[in-house]
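Undergrad: Have a look at the structure that comes next, please.
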Amino acid sequence: MPGQGKRKRRQEALNQRLAARTTPDKGRWQVVIETGDKAELRAHLRRLQEARVDESMIRIDTLCRRPVQQSTYQLSRFVPNPSHESGNEQRRTGYRYVGPADLKTLIRPGGEGHSVRSPTDFDEWASLREAEEWAEPFTFVVDGTGTLRLASRRSEHVTCAGGKKVLSAGEISFQHESGKWTVAEVSNQSTGYCPDGSSWPAVAEALDRVGVSRPSGFTHEVVFRRCSSCQQINIVREADFVCAFCNEVLPQDWNVDRLGP
Ligand SMILES: [Zn+2]
């Protein structure tokens, strides 16, 4: 048949392109559901389609058993490795507070975290700490001007930031070694702001400005996603992008700021 060879070649090229997007170095296949119930399988597939998951990133395997009635279907979704491409807008404009509204009532003028802008500032702040304070990590935010603000761990991030937008937020601990301050651990653990891991450069810059040695990234990185179905904010563990509250598939990109589907 005329044109058949061409069509076949085009289909092969397309298949190759799709296969290249799901190679093991780009991510991994994660089983969404294994079921013998075709209706259940279709319901899950529909949800993935409604969540606008690319069809080439969805796979259905039939696990054959004898008798045939015991065969099951496995619906998998390809979960790409985090790209750190997300959160671009927040990197520019900052993260707004997304936590419980009642915590906002804790904000008092002058109650913000201690601004640390230089090595002298840091030494001064450090000299004012009680010995037992060092045992716990501190609450930190990088405010809209790129300044590191530190507060005791008991402080809420929203208080530390005076309710304003932040470039990053989390917990941080320091150690003093051979006359030099070093970051022992640092995370983006803030359920008030839920910043993306891509907010790290703002933290790095703020720490460099105060002359504290630091790691090359968060020592503990939290992945926050908002469920587009039930709107709850999830902490994604082990790349398991499924809502803990309603089982819906969670979006790949940082979306905590966005309400609605
Ligand atoms: Zn949900």
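Chain labels run A, B, ... following the order of the structure tokens; each chain numbers its residues from 1, and ligands are numbered from 1 in the order shown.
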Give me, as a list in words, the set of residues whose atoms come within 8 Å of any atom of ligand 1, counting only C-alpha atoms and all ligand atoms.
TA: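 These are the residues that qualify: Arg226, Cys227, Ser228, Ser229, Cys230, Gln231, Gln232, Val242, Cys243, Ala244, Phe245, Cys246, Asn247, Glu248, Val249 and Leu250 of chain A.
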Undergrad: May I have the residues within 6 Å of segment 51-61 of chain A as a PyMOL selection string, using only C-alpha atoms and disregarding those fewer than 5 positions away in the same chain?
TA: chain A and resi 73-78
Undergrad: Could the residues in this selection be saved with C-alpha atoms as a PDB file, in the first residue's frame?
TA:
```pdb
ATOM      1  CA  TYR A  73      -4.190  -5.038  35.690  1.00  0.00           C
ATOM      2  CA  GLN A  74      -1.414  -2.817  36.847  1.00  0.00           C
ATOM      3  CA  LEU A  75      -1.747   0.884  36.115  1.00  0.00           C
ATOM      4  CA  SER A  76       1.580   2.710  36.359  1.00  0.00           C
ATOM      5  CA  ARG A  77       2.583   6.284  35.953  1.00  0.00           C
ATOM      6  CA  PHE A  78       6.038   7.542  35.069  1.00  0.00           C
TER       7      PHE A  78
END
```
Undergrad: Which residues in segment 41-237 of chain A does DSSP call strand (DSSP E)? List them as an mmCIF file with N, CA and C atoms, in the first residue's frame.
TA:
```
data_model
loop_
_atom_site.group_PDB
_atom_site.id
_atom_site.type_symbol
_atom_site.label_atom_id
_atom_site.label_comp_id
_atom_site.auth_asym_id
_atom_site.auth_seq_id
_atom_site.Cartn_x
_atom_site.Cartn_y
_atom_site.Cartn_z
ATOM 1 N N ILE A 58 1.733 7.057 31.056
ATOM 2 C CA ILE A 58 0.851 6.105 31.744
ATOM 3 C C ILE A 58 1.026 4.737 31.066
ATOM 4 N N ARG A 59 1.047 3.694 31.853
ATOM 5 C CA ARG A 59 1.240 2.352 31.299
ATOM 6 C C ARG A 59 0.288 1.386 31.995
ATOM 7 N N ILE A 60 -0.304 0.485 31.189
ATOM 8 C CA ILE A 60 -1.153 -0.557 31.788
ATOM 9 C C ILE A 60 -0.555 -1.908 31.447
ATOM 10 N N ASP A 61 -0.247 -2.687 32.441
ATOM 11 C CA ASP A 61 0.268 -4.039 32.227
ATOM 12 C C ASP A 61 -0.781 -5.028 32.691
ATOM 13 N N THR A 62 -0.943 -6.098 31.916
ATOM 14 C CA THR A 62 -1.847 -7.167 32.340
ATOM 15 C C THR A 62 -0.989 -8.269 32.945
ATOM 16 N N LEU A 63 -1.287 -8.607 34.181
ATOM 17 C CA LEU A 63 -0.535 -9.669 34.845
ATOM 18 C C LEU A 63 -1.363 -10.943 34.717
ATOM 19 N N THR A 72 -4.792 -9.735 36.761
ATOM 20 C CA THR A 72 -4.982 -8.371 37.264
ATOM 21 C C THR A 72 -4.343 -7.362 36.311
ATOM 22 N N TYR A 73 -4.745 -6.132 36.482
ATOM 23 C CA TYR A 73 -4.190 -5.038 35.690
ATOM 24 C C TYR A 73 -3.384 -4.144 36.599
ATOM 25 N N GLN A 74 -2.264 -3.711 36.077
ATOM 26 C CA GLN A 74 -1.414 -2.817 36.847
ATOM 27 C C GLN A 74 -1.323 -1.493 36.088
ATOM 28 N N LEU A 75 -1.808 -0.446 36.731
ATOM 29 C CA LEU A 75 -1.747 0.884 36.115
ATOM 30 C C LEU A 75 -0.548 1.618 36.724
ATOM 31 N N SER A 76 0.384 2.018 35.867
ATOM 32 C CA SER A 76 1.580 2.710 36.359
ATOM 33 C C SER A 76 1.688 4.077 35.723
ATOM 34 N N ARG A 77 2.367 4.921 36.430
ATOM 35 C CA ARG A 77 2.583 6.284 35.953
ATOM 36 C C ARG A 77 4.072 6.579 36.058
ATOM 37 N N PHE A 78 4.615 7.220 35.042
ATOM 38 C CA PHE A 78 6.038 7.542 35.069
ATOM 39 C C PHE A 78 6.240 8.826 35.876
ATOM 40 N N VAL A 79 7.071 8.726 36.925
ATOM 41 C CA VAL A 79 7.329 9.883 37.777
ATOM 42 C C VAL A 79 8.724 10.405 37.454
ATOM 43 N N PRO A 80 8.813 11.525 36.764
ATOM 44 C CA PRO A 80 10.143 12.049 36.424
ATOM 45 C C PRO A 80 10.904 12.488 37.668
ATOM 46 N N HIS A 114 15.400 37.728 64.045
ATOM 47 C CA HIS A 114 16.561 38.621 64.108
ATOM 48 C C HIS A 114 17.221 38.719 62.718
ATOM 49 N N SER A 115 17.348 39.916 62.177
ATOM 50 C CA SER A 115 17.989 40.089 60.857
ATOM 51 C C SER A 115 19.487 39.932 60.980
ATOM 52 N N VAL A 116 20.051 39.078 60.142
ATOM 53 C CA VAL A 116 21.492 38.844 60.158
ATOM 54 C C VAL A 116 22.013 39.121 58.747
ATOM 55 N N PHE A 138 17.191 26.162 64.596
ATOM 56 C CA PHE A 138 16.489 27.440 64.649
ATOM 57 C C PHE A 138 15.517 27.527 63.482
ATOM 58 N N THR A 139 14.498 28.353 63.670
ATOM 59 C CA THR A 139 13.576 28.680 62.585
ATOM 60 C C THR A 139 14.241 29.774 61.761
ATOM 61 N N PHE A 140 14.228 29.625 60.438
ATOM 62 C CA PHE A 140 14.786 30.719 59.640
ATOM 63 C C PHE A 140 13.871 31.037 58.468
ATOM 64 N N VAL A 141 13.956 32.279 58.016
ATOM 65 C CA VAL A 141 13.382 32.651 56.718
ATOM 66 C C VAL A 141 14.416 33.515 56.013
ATOM 67 N N VAL A 142 14.348 33.533 54.697
ATOM 68 C CA VAL A 142 15.081 34.530 53.923
ATOM 69 C C VAL A 142 14.000 35.498 53.470
ATOM 70 N N ASP A 143 14.046 36.724 53.973
ATOM 71 C CA ASP A 143 12.937 37.647 53.684
ATOM 72 C C ASP A 143 13.022 38.192 52.249
ATOM 73 N N LEU A 148 18.720 36.995 55.878
ATOM 74 C CA LEU A 148 18.465 35.854 56.748
ATOM 75 C C LEU A 148 17.858 36.352 58.051
ATOM 76 N N ARG A 149 16.747 35.742 58.445
ATOM 77 C CA ARG A 149 16.135 36.083 59.732
ATOM 78 C C ARG A 149 16.050 34.821 60.567
ATOM 79 N N LEU A 150 16.545 34.902 61.801
ATOM 80 C CA LEU A 150 16.609 33.732 62.663
ATOM 81 C C LEU A 150 15.753 33.916 63.903
ATOM 82 N N ALA A 151 15.139 32.824 64.325
ATOM 83 C CA ALA A 151 14.316 32.848 65.540
ATOM 84 C C ALA A 151 14.420 31.475 66.197
ATOM 85 N N VAL A 166 8.383 35.346 51.628
ATOM 86 C CA VAL A 166 9.780 34.959 51.864
ATOM 87 C C VAL A 166 10.369 34.346 50.592
ATOM 88 N N LEU A 167 11.703 34.384 50.498
ATOM 89 C CA LEU A 167 12.369 33.736 49.358
ATOM 90 C C LEU A 167 12.641 32.267 49.677
ATOM 91 N N SER A 168 12.735 31.959 50.990
ATOM 92 C CA SER A 168 12.818 30.577 51.441
ATOM 93 C C SER A 168 12.539 30.561 52.945
ATOM 94 N N ALA A 169 12.348 29.361 53.477
ATOM 95 C CA ALA A 169 12.087 29.198 54.910
ATOM 96 C C ALA A 169 12.398 27.769 55.286
ATOM 97 N N GLY A 170 12.723 27.566 56.560
ATOM 98 C CA GLY A 170 13.014 26.199 57.003
ATOM 99 C C GLY A 170 13.613 26.184 58.378
ATOM 100 N N GLU A 171 14.390 25.115 58.641
ATOM 101 C CA GLU A 171 15.057 24.972 59.927
ATOM 102 C C GLU A 171 16.547 24.853 59.670
ATOM 103 N N ILE A 172 17.329 25.388 60.605
ATOM 104 C CA ILE A 172 18.773 25.403 60.403
ATOM 105 C C ILE A 172 19.486 25.203 61.744
ATOM 106 N N SER A 173 20.575 24.448 61.717
ATOM 107 C CA SER A 173 21.394 24.329 62.930
ATOM 108 C C SER A 173 22.843 24.644 62.575
ATOM 109 N N PHE A 174 23.555 25.170 63.573
ATOM 110 C CA PHE A 174 24.935 25.620 63.344
ATOM 111 C C PHE A 174 25.881 24.889 64.281
ATOM 112 N N GLN A 175 27.142 24.842 63.893
ATOM 113 C CA GLN A 175 28.164 24.375 64.828
ATOM 114 C C GLN A 175 29.385 25.275 64.721
ATOM 115 N N HIS A 176 30.089 25.367 65.836
ATOM 116 C CA HIS A 176 31.268 26.224 65.907
ATOM 117 C C HIS A 176 32.484 25.313 65.940
ATOM 118 N N GLU A 177 33.287 25.386 64.885
ATOM 119 C CA GLU A 177 34.434 24.475 64.767
ATOM 120 C C GLU A 177 35.678 25.265 64.459
ATOM 121 N N LYS A 180 35.244 28.813 63.698
ATOM 122 C CA LYS A 180 34.472 29.162 62.511
ATOM 123 C C LYS A 180 33.047 28.615 62.612
ATOM 124 N N TRP A 181 32.079 29.422 62.180
ATOM 125 C CA TRP A 181 30.694 28.959 62.177
ATOM 126 C C TRP A 181 30.389 28.199 60.893
ATOM 127 N N THR A 182 29.709 27.051 61.066
ATOM 128 C CA THR A 182 29.350 26.196 59.927
ATOM 129 C C THR A 182 27.891 25.784 60.079
ATOM 130 N N VAL A 183 27.203 25.617 58.958
ATOM 131 C CA VAL A 183 25.840 25.078 59.004
ATOM 132 C C VAL A 183 25.951 23.572 59.185
ATOM 133 N N ALA A 184 25.316 23.044 60.217
ATOM 134 C CA ALA A 184 25.327 21.590 60.410
ATOM 135 C C ALA A 184 24.221 20.962 59.555
ATOM 136 N N GLU A 185 23.001 21.488 59.716
ATOM 137 C CA GLU A 185 21.887 20.990 58.912
ATOM 138 C C GLU A 185 20.984 22.140 58.512
ATOM 139 N N VAL A 186 20.378 22.001 57.340
ATOM 140 C CA VAL A 186 19.448 23.037 56.873
ATOM 141 C C VAL A 186 18.385 22.378 55.992
ATOM 142 N N SER A 187 17.130 22.772 56.233
ATOM 143 C CA SER A 187 16.030 22.193 55.455
ATOM 144 C C SER A 187 15.073 23.287 55.003
ATOM 145 N N VAL A 223 9.430 17.918 49.948
ATOM 146 C CA VAL A 223 8.681 18.159 48.708
ATOM 147 C C VAL A 223 7.218 18.416 49.085
ATOM 148 N N PHE A 224 6.755 19.641 48.854
ATOM 149 C CA PHE A 224 5.370 20.013 49.177
ATOM 150 C C PHE A 224 4.543 20.061 47.897
ATOM 151 N N ARG A 225 3.341 19.515 47.953
ATOM 152 C CA ARG A 225 2.401 19.630 46.841
ATOM 153 C C ARG A 225 1.000 19.811 47.392
ATOM 154 N N ARG A 226 0.207 20.607 46.686
ATOM 155 C CA ARG A 226 -1.195 20.734 47.052
ATOM 156 C C ARG A 226 -2.004 19.784 46.181
ATOM 157 N N ILE A 233 -2.527 20.232 51.600
ATOM 158 C CA ILE A 233 -1.097 20.275 51.293
ATOM 159 C C ILE A 233 -0.464 18.975 51.780
ATOM 160 N N ASN A 234 0.252 18.332 50.899
ATOM 161 C CA ASN A 234 0.911 17.059 51.206
ATOM 162 C C ASN A 234 2.415 17.242 51.292
ATOM 163 N N ILE A 235 3.053 16.418 52.123
ATOM 164 C CA ILE A 235 4.504 16.277 52.074
ATOM 165 C C ILE A 235 4.745 14.973 51.323
ATOM 166 N N VAL A 236 5.393 15.073 50.167
ATOM 167 C CA VAL A 236 5.602 13.896 49.317
ATOM 168 C C VAL A 236 6.814 13.136 49.837
#
```
Undergrad: So which residues of segment 60-229 of chain A fall under alpha helix (DSSP H) by DSSP, listed as an MDAnalysis selection string?
TA: chainID A and resid 88:93 119:127 157:160 200:209
Undergrad: Can you write out the residues you just picked, keeping N, CA and C atoms, as a short mmCIF file (atom, residue, chain, number, x, y, z; two decimals), in the first residue's frame?
TA:
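Once everything was written out, this is out-v2.cif:
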```cif
data_model
loop_
_atom_site.label_atom_id
_atom_site.label_comp_id
_atom_site.auth_asym_id
_atom_site.auth_seq_id
_atom_site.Cartn_x
_atom_site.Cartn_y
_atom_site.Cartn_z
N ASN A 88 9.80 28.76 39.58
CA ASN A 88 10.51 29.91 39.02
C ASN A 88 9.90 31.23 39.44
N GLU A 89 8.56 31.25 39.43
CA GLU A 89 7.87 32.48 39.77
C GLU A 89 8.15 32.86 41.23
N GLN A 90 8.13 31.84 42.13
CA GLN A 90 8.36 32.11 43.54
C GLN A 90 9.79 32.58 43.78
N ARG A 91 10.70 32.11 42.93
CA ARG A 91 12.10 32.53 43.09
C ARG A 91 12.20 34.04 42.87
N ARG A 92 11.33 34.54 42.00
CA ARG A 92 11.35 35.98 41.70
C ARG A 92 10.57 36.78 42.73
N THR A 93 9.34 36.32 43.01
CA THR A 93 8.45 37.17 43.80
C THR A 93 8.31 36.73 45.25
N PRO A 119 28.81 39.15 58.80
CA PRO A 119 29.47 38.29 59.79
C PRO A 119 29.39 38.90 61.20
N THR A 120 29.47 40.22 61.31
CA THR A 120 29.37 40.87 62.63
C THR A 120 27.98 40.63 63.23
N ASP A 121 26.95 40.79 62.39
CA ASP A 121 25.57 40.53 62.84
C ASP A 121 25.45 39.11 63.39
N PHE A 122 26.04 38.17 62.64
CA PHE A 122 25.91 36.77 63.04
C PHE A 122 26.59 36.52 64.39
N ASP A 123 27.82 37.04 64.54
CA ASP A 123 28.55 36.86 65.80
C ASP A 123 27.77 37.45 66.97
N GLU A 124 27.17 38.62 66.71
CA GLU A 124 26.39 39.28 67.75
C GLU A 124 25.18 38.44 68.14
N TRP A 125 24.47 37.96 67.11
CA TRP A 125 23.29 37.12 67.35
C TRP A 125 23.71 35.86 68.11
N ALA A 126 24.81 35.24 67.68
CA ALA A 126 25.28 33.99 68.30
C ALA A 126 25.66 34.20 69.77
N SER A 127 26.26 35.37 70.05
CA SER A 127 26.72 35.62 71.42
C SER A 127 25.54 35.81 72.38
N HIS A 157 7.19 30.25 61.34
CA HIS A 157 7.84 30.95 60.23
C HIS A 157 7.14 32.26 59.89
N VAL A 158 5.81 32.24 60.01
CA VAL A 158 5.05 33.44 59.63
C VAL A 158 5.35 34.59 60.59
N THR A 159 5.61 34.27 61.86
CA THR A 159 5.99 35.29 62.84
C THR A 159 7.40 35.79 62.52
N CYS A 160 8.29 34.85 62.25
CA CYS A 160 9.68 35.16 61.92
C CYS A 160 9.76 36.12 60.72
N TRP A 200 16.71 27.07 47.27
CA TRP A 200 18.03 26.97 47.90
C TRP A 200 18.98 28.15 47.57
N PRO A 201 19.09 28.58 46.31
CA PRO A 201 20.05 29.66 46.02
C PRO A 201 19.87 30.89 46.91
N ALA A 202 18.63 31.20 47.28
CA ALA A 202 18.39 32.36 48.16
C ALA A 202 18.99 32.12 49.54
N VAL A 203 18.91 30.87 50.01
CA VAL A 203 19.48 30.51 51.32
C VAL A 203 21.01 30.58 51.24
N ALA A 204 21.55 30.02 50.16
CA ALA A 204 23.00 30.01 49.97
C ALA A 204 23.55 31.43 49.96
N GLU A 205 22.88 32.31 49.23
CA GLU A 205 23.34 33.71 49.15
C GLU A 205 23.30 34.39 50.51
N ALA A 206 22.20 34.17 51.23
CA ALA A 206 22.05 34.81 52.55
C ALA A 206 23.12 34.32 53.51
N LEU A 207 23.45 33.02 53.46
CA LEU A 207 24.47 32.46 54.36
C LEU A 207 25.87 32.94 53.97
N ASP A 208 26.11 33.03 52.65
CA ASP A 208 27.43 33.50 52.20
C ASP A 208 27.67 34.93 52.67
N ARG A 209 26.61 35.73 52.65
CA ARG A 209 26.73 37.13 53.06
C ARG A 209 27.12 37.25 54.54
#
```
Undergrad: Measuring atom to atom with only C-alpha atoms, identify which of A:Thr35, A:Asn255, A:Thr147, A:Gln49 is nearest to Ser71 of chain A.
TA: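 Among A:Thr35, A:Asn255, A:Thr147, A:Gln49, it is A:Thr35 that comes nearest to Ser71 of chain A.
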Undergrad: I'd like to know which of A:Gln30, A:Thr191, A:Ser199, A:Ser213 is closest to Phe241 of chain A, using only C-alpha atoms.
TA: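 For Phe241 of chain A, the nearest of the given residues is A:Gln30.
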Undergrad: What does the distance between atom CA of Gly144 of chain A and atom CA of Arg96 of chain A come to in Å, to one decimal place?
TA: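 Computed distance, atom CA of Gly144 of chain A to atom CA of Arg96 of chain A, equals 10.3 Å.
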Undergrad: Can you tell me how far atom CA of Gly162 of chain A sits from atom CA of Tyr97 of chain A, in Å to one decimal?
TA: 10.4 Å
Undergrad: What does the distance from atom CA of Gly113 of chain A to atom CA of Glu130 of chain A come to in Å, to one decimal?
TA: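 According to the coordinates, atom CA of Gly113 of chain A and atom CA of Glu130 of chain A are separated by 16.2 Å.
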